[in-house]
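Data from run.txt: compact mmCIF, C-alpha atoms and all ligand atoms
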# COMPACT_ATOMS: atom_id res chain seq x y z
CA ALA A 6 -7.69 -2.80 -14.57
CA LYS A 7 -7.43 0.79 -15.58
CA ARG A 8 -6.71 1.34 -19.22
CA ALA A 9 -7.18 4.34 -21.43
CA GLY A 10 -10.54 3.64 -23.00
CA GLY A 11 -11.22 3.54 -26.72
CA SER A 12 -9.21 5.63 -29.14
CA LYS A 13 -12.13 7.85 -30.17
CA VAL A 14 -11.24 11.49 -29.78
CA GLU A 15 -14.01 13.95 -28.97
CA PRO A 16 -12.46 17.33 -29.71
CA PHE A 17 -15.53 19.44 -28.99
CA ARG A 18 -15.86 18.60 -25.35
CA PRO A 19 -13.71 21.05 -23.43
CA ALA A 20 -13.80 19.07 -20.18
CA PHE A 21 -12.46 16.02 -21.93
CA ARG A 22 -9.81 18.03 -23.73
CA SER A 23 -8.56 19.76 -20.66
CA THR A 24 -8.46 16.46 -18.79
CA THR A 25 -6.33 14.94 -21.51
CA THR A 26 -4.03 17.93 -21.56
CA ASP A 27 -3.80 17.77 -17.80
CA ARG A 28 -3.00 14.12 -17.90
CA LEU A 29 -0.23 14.55 -20.46
CA GLN A 30 1.14 17.50 -18.54
CA ILE A 31 1.10 15.54 -15.32
CA GLU A 32 2.78 12.61 -17.04
CA THR A 33 5.55 14.85 -18.34
CA ASP A 34 5.95 16.48 -14.96
CA LEU A 35 5.97 13.12 -13.23
CA ARG A 36 8.72 11.82 -15.48
CA ARG A 37 10.79 14.86 -14.52
CA ALA A 38 9.81 14.53 -10.85
CA ILE A 39 11.40 11.10 -10.67
CA GLU A 40 14.68 12.50 -11.99
CA ARG A 41 14.53 15.53 -9.73
CA ARG A 42 13.72 13.47 -6.66
CA GLU A 43 10.48 15.29 -5.96
CA LEU A 44 8.80 12.04 -4.96
CA SER A 45 8.96 10.96 -1.36
CA MET A 46 7.55 8.31 0.92
CA VAL A 47 5.62 8.89 4.13
CA TYR A 48 4.84 6.21 6.68
CA GLN A 49 1.65 5.59 8.62
CA PRO A 50 1.91 3.55 11.83
CA ILE A 51 0.18 0.17 12.12
CA ILE A 52 -0.71 -0.64 15.72
CA ARG A 53 -1.28 -3.98 17.43
CA LEU A 54 -4.79 -3.63 18.79
CA LYS A 55 -4.50 -5.84 21.86
CA ASP A 56 -1.80 -3.69 23.49
CA GLY A 57 -1.33 -0.63 21.31
CA GLU A 58 2.21 -1.65 20.35
CA LEU A 59 3.70 -0.13 17.21
CA SER A 60 4.12 -3.00 14.78
CA GLY A 61 4.82 -1.56 11.38
CA PHE A 62 4.13 1.10 8.79
CA GLU A 63 2.41 1.47 5.45
CA ALA A 64 4.58 3.35 2.96
CA LEU A 65 2.60 5.98 1.05
CA MET A 66 3.90 8.07 -1.82
CA ARG A 67 3.86 11.86 -2.04
CA TRP A 68 4.79 14.19 -4.86
CA ASP A 69 6.29 17.41 -3.58
CA HIS A 70 5.63 19.56 -6.61
CA PRO A 71 7.58 22.87 -6.68
CA LYS A 72 4.53 24.82 -7.91
CA ARG A 73 1.47 22.76 -7.04
CA GLY A 74 2.58 21.76 -3.55
CA THR A 75 2.01 18.24 -2.27
CA ILE A 76 0.04 16.19 -4.77
CA PRO A 77 -1.77 13.17 -3.29
CA PRO A 78 -1.26 9.74 -4.87
CA SER A 79 -4.90 9.60 -5.97
CA GLU A 80 -4.00 12.28 -8.54
CA PHE A 81 -0.84 10.84 -10.03
CA ILE A 82 -0.81 7.09 -9.41
CA PRO A 83 -3.70 6.49 -11.87
CA ILE A 84 -1.81 8.51 -14.48
CA ALA A 85 1.40 6.60 -13.82
CA GLU A 86 -0.57 3.39 -14.24
CA MET A 87 -1.55 4.38 -17.75
CA SER A 88 2.06 4.97 -18.73
CA ASP A 89 5.38 3.18 -18.51
CA LEU A 90 6.15 5.15 -15.34
CA VAL A 91 4.39 2.70 -13.08
CA GLY A 92 7.35 0.33 -12.95
CA ALA A 93 9.78 3.08 -11.97
CA LEU A 94 7.45 4.25 -9.21
CA GLY A 95 7.13 0.74 -7.85
CA ILE A 96 10.90 0.30 -7.68
CA PHE A 97 11.32 3.74 -6.15
CA ALA A 98 8.81 2.94 -3.40
CA LEU A 99 10.38 -0.44 -2.64
CA ASP A 100 13.96 0.87 -2.59
CA ARG A 101 13.15 3.88 -0.47
CA ALA A 102 10.96 2.02 2.01
CA THR A 103 13.60 -0.67 2.45
CA ALA A 104 16.37 1.88 3.03
CA ASP A 105 14.25 3.73 5.60
CA LEU A 106 13.28 0.49 7.34
CA MET A 107 16.92 -0.52 7.67
CA ALA A 108 17.86 2.85 9.12
CA TRP A 109 15.05 2.60 11.70
CA GLN A 110 16.02 -0.96 12.50
CA THR A 111 19.34 0.21 13.96
CA GLN A 112 17.26 2.15 16.48
CA THR A 113 14.71 -0.48 17.42
CA GLY A 114 17.23 -3.33 17.70
CA GLU A 115 15.52 -6.69 17.70
CA LEU A 116 11.98 -5.33 17.43
CA PRO A 117 11.07 -6.39 13.90
CA LEU A 118 8.87 -3.62 12.53
CA PHE A 119 7.38 -4.32 9.13
CA VAL A 120 6.94 -1.94 6.23
CA SER A 121 4.19 -2.47 3.71
CA VAL A 122 4.55 -1.10 0.15
CA ASN A 123 1.72 -0.55 -2.35
CA LEU A 124 1.82 -1.92 -5.87
CA SER A 125 -1.01 -0.76 -8.04
CA SER A 126 -0.83 -2.19 -11.51
CA ALA A 127 -1.67 -5.71 -12.63
CA ARG A 128 1.03 -5.24 -15.26
CA LEU A 129 3.64 -5.24 -12.50
CA ILE A 130 2.86 -8.78 -11.40
CA ASN A 131 5.38 -10.50 -13.63
CA ALA A 132 8.81 -12.12 -13.60
CA ASP A 133 10.49 -8.69 -13.47
CA LEU A 134 8.85 -7.97 -10.14
CA TYR A 135 10.15 -11.23 -8.73
CA ASN A 136 13.65 -10.45 -10.02
CA ASP A 137 13.52 -6.92 -8.63
CA VAL A 138 12.46 -8.23 -5.25
CA ARG A 139 15.21 -10.83 -5.23
CA SER A 140 17.92 -8.37 -6.13
CA LEU A 141 16.62 -5.97 -3.50
CA LEU A 142 16.90 -8.71 -0.87
CA GLN A 143 20.42 -9.57 -2.00
CA LYS A 144 21.55 -5.97 -2.26
CA THR A 145 20.25 -4.81 1.11
CA GLN A 146 20.22 -7.87 3.37
CA VAL A 147 16.85 -6.68 4.65
CA ASN A 148 14.91 -9.32 6.57
CA PRO A 149 12.21 -10.34 4.05
CA ALA A 150 9.76 -11.04 6.88
CA GLN A 151 9.80 -7.29 7.58
CA LEU A 152 8.62 -6.37 4.09
CA LYS A 153 5.09 -6.66 2.73
CA LEU A 154 3.60 -5.88 -0.65
CA GLU A 155 0.02 -4.60 -0.77
CA LEU A 156 -2.05 -5.66 -3.75
CA THR A 157 -5.72 -5.38 -4.58
CA GLU A 158 -8.07 -8.07 -5.81
CA SER A 159 -8.66 -6.40 -9.16
CA MET A 160 -4.94 -6.76 -9.87
CA MET A 161 -5.25 -10.53 -9.53
CA MET A 162 -8.07 -10.73 -12.05
CA GLU A 163 -6.25 -9.59 -15.16
CA ASN A 164 -4.16 -12.74 -15.35
CA PRO A 165 -4.95 -14.94 -12.34
CA GLU A 166 -2.65 -17.80 -13.36
CA GLN A 167 0.38 -15.56 -13.78
CA ALA A 168 -0.45 -13.67 -10.59
CA ARG A 169 -0.65 -16.92 -8.66
CA LEU A 170 2.73 -18.10 -9.94
CA VAL A 171 4.58 -14.82 -9.47
CA LEU A 172 3.11 -14.18 -6.03
CA ALA A 173 3.91 -17.71 -4.88
CA LYS A 174 7.56 -17.18 -5.83
CA ILE A 175 7.67 -13.83 -4.06
CA ARG A 176 6.03 -15.35 -1.00
CA GLU A 177 8.74 -18.05 -0.98
CA THR A 178 11.39 -15.38 -0.42
CA GLY A 179 9.69 -14.66 2.92
CA ILE A 180 8.19 -11.33 1.89
CA GLY A 181 4.61 -10.83 3.09
CA LEU A 182 1.66 -10.26 0.79
CA ALA A 183 -1.31 -8.19 1.91
CA LEU A 184 -4.68 -8.16 0.18
CA ASP A 185 -5.54 -4.45 0.24
CA ASP A 186 -8.94 -2.71 0.29
CA PHE A 187 -10.82 -5.87 1.21
CA GLY A 188 -14.53 -5.19 1.34
CA THR A 189 -14.64 -2.91 -1.69
CA GLY A 190 -15.70 -3.71 -5.25
CA TYR A 191 -14.19 -6.99 -6.21
CA SER A 192 -14.12 -8.78 -2.87
CA SER A 193 -14.46 -12.47 -3.14
CA LEU A 194 -13.80 -14.89 -0.35
CA GLY A 195 -12.23 -17.20 -2.90
CA HIS A 196 -9.32 -14.82 -3.38
CA LEU A 197 -8.29 -15.40 0.20
CA THR A 198 -7.37 -18.98 -0.58
CA GLN A 199 -6.47 -18.79 -4.28
CA PHE A 200 -3.54 -16.45 -3.81
CA PRO A 201 -0.75 -16.71 -1.24
CA PHE A 202 -1.74 -13.73 0.92
CA ASP A 203 -0.71 -13.81 4.58
CA THR A 204 -2.38 -10.52 5.51
CA ILE A 205 -5.73 -8.93 4.74
CA LYS A 206 -6.43 -5.21 5.02
CA LEU A 207 -10.05 -4.38 5.72
CA ASP A 208 -11.14 -1.27 3.86
CA LYS A 209 -12.41 1.69 5.85
CA SER A 210 -15.86 1.34 4.26
CA LEU A 211 -16.18 -2.05 5.96
CA VAL A 212 -14.75 -0.94 9.28
CA ARG A 213 -16.40 2.42 9.83
CA ASP A 214 -19.63 2.60 11.90
CA ALA A 215 -19.70 -1.15 12.07
CA THR A 216 -23.06 -1.51 13.74
CA ASP A 217 -25.48 -4.41 13.66
CA LYS A 218 -25.41 -6.25 10.35
CA ARG A 219 -22.09 -4.88 9.31
CA ALA A 220 -20.56 -5.89 12.61
CA VAL A 221 -21.70 -9.44 11.92
CA LEU A 222 -20.03 -9.31 8.52
CA LEU A 223 -16.87 -7.84 9.96
CA ARG A 224 -16.74 -10.45 12.70
CA SER A 225 -17.05 -13.32 10.25
CA VAL A 226 -14.44 -11.91 7.88
CA VAL A 227 -12.00 -11.55 10.78
CA ALA A 228 -12.78 -15.07 12.02
CA MET A 229 -12.32 -16.51 8.56
CA ALA A 230 -9.02 -14.73 7.98
CA ARG A 231 -7.78 -15.97 11.34
CA GLY A 232 -8.93 -19.46 10.44
CA LEU A 233 -6.74 -19.20 7.35
CA ASP A 234 -3.79 -18.07 9.51
CA MET A 235 -3.83 -14.58 8.07
CA SER A 236 -3.11 -11.34 9.90
CA VAL A 237 -5.89 -8.78 9.79
CA ILE A 238 -5.28 -5.03 9.58
CA ALA A 239 -8.30 -2.74 9.92
CA GLU A 240 -8.15 0.61 8.13
CA GLY A 241 -10.21 3.65 9.07
CA VAL A 242 -10.57 2.84 12.78
CA GLU A 243 -12.09 6.13 13.91
CA THR A 244 -12.75 5.77 17.63
CA ASP A 245 -11.32 4.02 20.67
CA ASP A 246 -14.56 2.07 20.91
CA ASP A 247 -14.10 0.76 17.36
CA ALA A 248 -10.55 -0.25 18.24
CA THR A 249 -11.73 -2.11 21.35
CA GLU A 250 -14.52 -3.80 19.41
CA LEU A 251 -12.15 -4.86 16.61
CA ALA A 252 -9.65 -6.21 19.13
CA LYS A 253 -12.43 -8.29 20.71
CA MET A 254 -13.30 -9.71 17.30
CA GLY A 255 -9.70 -10.88 17.00
CA CYS A 256 -8.51 -8.27 14.51
CA HIS A 257 -4.74 -8.00 14.98
CA TYR A 258 -3.86 -4.51 13.80
CA GLY A 259 -5.30 -1.07 13.17
CA GLN A 260 -4.17 1.75 10.88
CA SER A 261 -5.88 5.13 10.87
CA TYR A 262 -5.57 8.78 11.84
CA LEU A 263 -6.66 7.68 15.33
CA PHE A 264 -3.28 5.96 15.74
CA GLY A 265 -1.30 8.47 13.75
CA PRO A 266 -1.08 10.18 10.36
CA PRO A 267 1.54 9.33 7.75
CA ALA A 268 4.91 10.92 8.61
CA ALA A 269 8.24 11.46 6.86
CA ALA A 270 11.08 9.00 7.52
CA ASP A 271 13.03 11.36 9.79
CA ALA A 272 9.93 12.04 11.91
CA VAL A 273 9.46 8.29 12.24
CA MET A 274 13.09 8.01 13.36
CA ARG A 275 12.49 10.62 16.07
CA LEU A 276 9.39 8.75 17.21
CA LEU A 277 11.34 5.50 17.40
CA LYS A 278 14.12 7.15 19.39
CA GLU A 279 11.58 8.27 21.98
CA ARG A 280 9.85 4.94 22.08
CA PHE A 281 12.93 2.73 21.98
CA PRO A 282 15.78 4.66 23.62
CA LEU A 283 19.06 2.77 23.18
P1 LIG B 301 -4.56 2.83 0.43
O1 LIG B 301 -3.52 1.85 0.02
O2 LIG B 301 -5.88 2.27 0.85
O3 LIG B 301 -3.90 3.71 1.60
C1 LIG B 301 -4.61 4.20 2.72
C2 LIG B 301 -5.05 5.64 2.51
O4 LIG B 301 -5.93 6.00 3.57
C3 LIG B 301 -3.90 6.64 2.55
O5 LIG B 301 -4.21 7.72 1.67
C4 LIG B 301 -3.96 7.12 3.99
O6 LIG B 301 -3.35 8.38 4.19
C5 LIG B 301 -5.46 7.18 4.20
N1 LIG B 301 -5.84 7.12 5.60
C6 LIG B 301 -5.12 6.69 6.66
N2 LIG B 301 -5.80 6.74 7.82
C7 LIG B 301 -7.03 7.22 7.49
C8 LIG B 301 -8.22 7.50 8.28
O7 LIG B 301 -8.28 7.32 9.49
N3 LIG B 301 -9.30 7.99 7.59
C9 LIG B 301 -9.28 8.18 6.24
N4 LIG B 301 -10.37 8.68 5.65
N5 LIG B 301 -8.16 7.93 5.46
C10 LIG B 301 -7.07 7.45 6.10
P2 LIG B 301 -3.17 8.28 0.61
O8 LIG B 301 -1.79 8.32 1.18
O9 LIG B 301 -3.73 9.54 0.05
O10 LIG B 301 -3.16 7.16 -0.51
C11 LIG B 301 -4.31 6.92 -1.27
C12 LIG B 301 -4.12 5.70 -2.16
O11 LIG B 301 -3.09 5.91 -3.12
C13 LIG B 301 -3.69 4.46 -1.37
O12 LIG B 301 -4.81 3.87 -0.77
C14 LIG B 301 -3.07 3.64 -2.48
O13 LIG B 301 -4.07 2.96 -3.22
C15 LIG B 301 -2.44 4.70 -3.36
N6 LIG B 301 -1.01 4.82 -3.03
C16 LIG B 301 -0.42 5.53 -2.04
N7 LIG B 301 0.92 5.40 -2.06
C17 LIG B 301 1.19 4.57 -3.09
C18 LIG B 301 2.41 4.02 -3.64
O14 LIG B 301 3.54 4.24 -3.17
N8 LIG B 301 2.26 3.21 -4.73
C19 LIG B 301 1.05 2.89 -5.25
N9 LIG B 301 1.01 2.10 -6.30
N10 LIG B 301 -0.09 3.38 -4.76
C20 LIG B 301 -0.04 4.21 -3.69
CA CA B 302 -2.55 0.17 0.79
CA CA B 303 -6.26 0.19 1.71
CA CA B 304 -6.02 1.28 -2.60
Could you show the structure in this file as structure tokens?
Ligand code: C2E
Ligand code: CA
Ligand code: CA
Ligand code: CA
Amino acid sequence: AKRAGGSKVEPFRPAFRSTTTDRLQIETDLRRAIERRELSMVYQPIIRLKDGELSGFEALMRWDHPKRGTIPPSEFIPIAEMSDLVGALGIFALDRATADLMAWQTQTGELPLFVSVNLSSARLINADLYNDVRSLLQKTQVNPAQLKLELTESMMMENPEQARLVLAKIRETGIGLALDDFGTGYSSLGHLTQFPFDTIKLDKSLVRDATDKRAVLLRSVVAMARGLDMSVIAEGVETDDDATELAKMGCHYGQSYLFGPPAAADAVMRLLKERFPL
């Protein structure tokens, strides 16, 4: 969990000071950005490896700052997490992604594409999240099976009991739960069975240049996930050879620049119109 550290202030270290000022400035700007609708979602395709079929998208947030240009999430999500903004960002991402999914759905007809939305703070895994999800489902009539939430293992660790309960209730609605960034820091095989995940996303550090020993590791993780009836999405698939190799291992999906960069909702709509002409 990311928290602001101790309360000790060290006024004579310029780097620290400017970072703090930056952070407060960004927080103020971010608050305003939400009101001014400067935040947007982009969508990166997720491809079924066995036949290259488009299967879904991961929703990724962007901040289109009037002066600084596009700010990547790595620069503002951690700041949002330290403030009360994180809840508003989560709702924004869910609402927007659901609306875009439903618009695309009119184009693809019965093909049930899924959209996967990131949640980044352990503090969000509470009854409010469940209520928000339920009212979203009621309000929009979206098919819950077409929505996934992406969560990381570290988020589970802050309050495992509560996480288990809340996630089980969310899972009951039919919404999917993906364990994100698997293979980094906190990975524990136990988490695969302790929490109701139906999908596991292999981090690019695990997938990239998977030669020899790492290929063995990758193969067993994929086999285990499959044994637990989970879908496996590999991130950072860099070459066609990697994609072929992963498909052979039984990995279901791939997501990387090789298959396509994140794109705005209207660009996705154009792509779908080409691919699925009515
Ligand atoms: P993530 O959830 O692991 O998302 C995947 C990141 O990998 C995205 O970066 C994506 O653009 C990037 N990526 C995709 N294909 C490739 C590839 O082939 N090679 C490499 N090197 N990178 C690739 P992005 O959009 O900058 O997002 C970074 C992180 O910010 C995300 O990592 C996620 O943790 C967080 N994030 C993004 N959007 C949201 C959001 O709406 N809410 C929350 N809470 N966090 C978000
Ligand atoms: Ca993710
Ligand atoms: Ca990831
Ligand atoms: Ca991440």
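With distances restricted to all atoms listed in the file, A:Gly241 is the closest residue to ligand CA 303 (chain B) from A:Gly232, A:Pro77, A:Gly241, A:Gly265.
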Exercise for the section: Identify, on the basis of all atoms listed in the file, every residue whose closest approach to Gly190 of chain A does not exceed 9 Å; exclude the query and any residue fewer than 4 positions from it along the same chain; express the result as number ranges by chain. Expected result: A: 158-159, 186
Handout entry: Contacts of Pro201 of chain A at 8 Å (all atoms listed in the file; same-chain gap of 4+ positions) as a PyMOL selection string
Key = chain A and resi 169+172-173+176+182+197
Problem - Separation of atom CA of Ile82 of chain A from atom CA of Val212 of chain A in Å - result: 24.7 Å
Handout entry: All residues having an atom within 10 Å of ligand CA 302 (chain B) (only C-alpha atoms and all ligand atoms) as a PyMOL selection string
Key = chain A and resi 63-65+121-125+154-157+183-186+206+208+240
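Note that atom CA of Glu43 of chain A and atom CA of Met107 of chain A are 21.8 Å apart.
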Residues within 12 Å of Glu166 of chain A, please, as a short mmCIF file (atom, residue, chain, number, x, y, z; two decimals) with C-alpha atoms, in the coordinates of the input. Count all atoms listed in the file; anything in the same chain fewer than 5 positions from it doesn't count.
data_model
loop_
_atom_site.label_atom_id
_atom_site.label_comp_id
_atom_site.auth_asym_id
_atom_site.auth_seq_id
_atom_site.Cartn_x
_atom_site.Cartn_y
_atom_site.Cartn_z
CA ILE A 130 2.86 -8.78 -11.40
CA ASN A 131 5.38 -10.50 -13.63
CA MET A 160 -4.94 -6.76 -9.87
CA MET A 161 -5.25 -10.53 -9.53
CA VAL A 171 4.58 -14.82 -9.47
CA LEU A 172 3.11 -14.18 -6.03
CA ALA A 173 3.91 -17.71 -4.88
CA GLN A 199 -6.47 -18.79 -4.28
CA PHE A 200 -3.54 -16.45 -3.81
#
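If you count all atoms listed in the file and ignore residues fewer than 3 places along the chain from Tyr262 of chain A, what sits within 10 Å of it is Gln49, Pro50, Glu240, Gly241, Val242, Glu243, Thr244, Gly259, Gly265, Pro266 and Pro267 of chain A.
Taking only C-alpha atoms, the non-local environment of Leu129 of chain A within 10 Å (same-chain residues fewer than 2 positions away omitted) comprises Glu86, Val91, Gly92, Gly95, Leu124, Ser125, Ser126, Ala127, Asn131, Ala132, Asp133, Leu134, Tyr135, Met160 and Ala168 of chain A.
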Exercise for the section: Please identify all polymer residues lying at most 12 Å from the point (14.3, 5.0, -5.0) (file coordinates), using only C-alpha atoms, and present the result as a PyMOL selection string. Expected result: chain A and resi 39-46+66+92-105+141
Handout entry: Atomic separation - atom CA of Leu194 of chain A relative to atom CA of Met229 of chain A, Å
Key = 9.2 Å
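In this comparison, which uses only C-alpha atoms and all ligand atoms, the residue of A:Ser88, A:Gln151, A:Ser210, A:Thr145 approaching ligand CA 304 (chain B) most closely is A:Ser210.
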Exercise for the section: May I have the protein, DNA and RNA residues with any atom at most 9 Å from the point (2.1, -13.1, 13.0), counting only C-alpha atoms, written as a VMD selection string? Expected result: chain A and resid 203 234 to 236 257
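Compared by their closest atoms to ligand CA 304 (chain B), and using all atoms listed in the file, the residues A:Gln30, A:Thr111, A:Ser140, A:Thr189 rank with A:Thr189 nearest.
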Fill in the blank from the handout: Using all atoms listed in the file, the best pick from A:Arg275, A:Arg213, A:Lys144, A:Arg73 as closest to ligand LIG 301 (chain B) would be A:Arg213
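Proximity to ligand LIG 301 (chain B) was assessed for A:Phe264, A:Phe281, A:Tyr258, A:Phe119 counting all atoms listed in the file; the smallest distance is recorded for A:Phe264.
Among the candidate residues A:Ile31, A:Leu233, A:Ala38, A:Ile52, the one lying nearest to Phe202 of chain A is A:Leu233, with distances computed using only C-alpha atoms.
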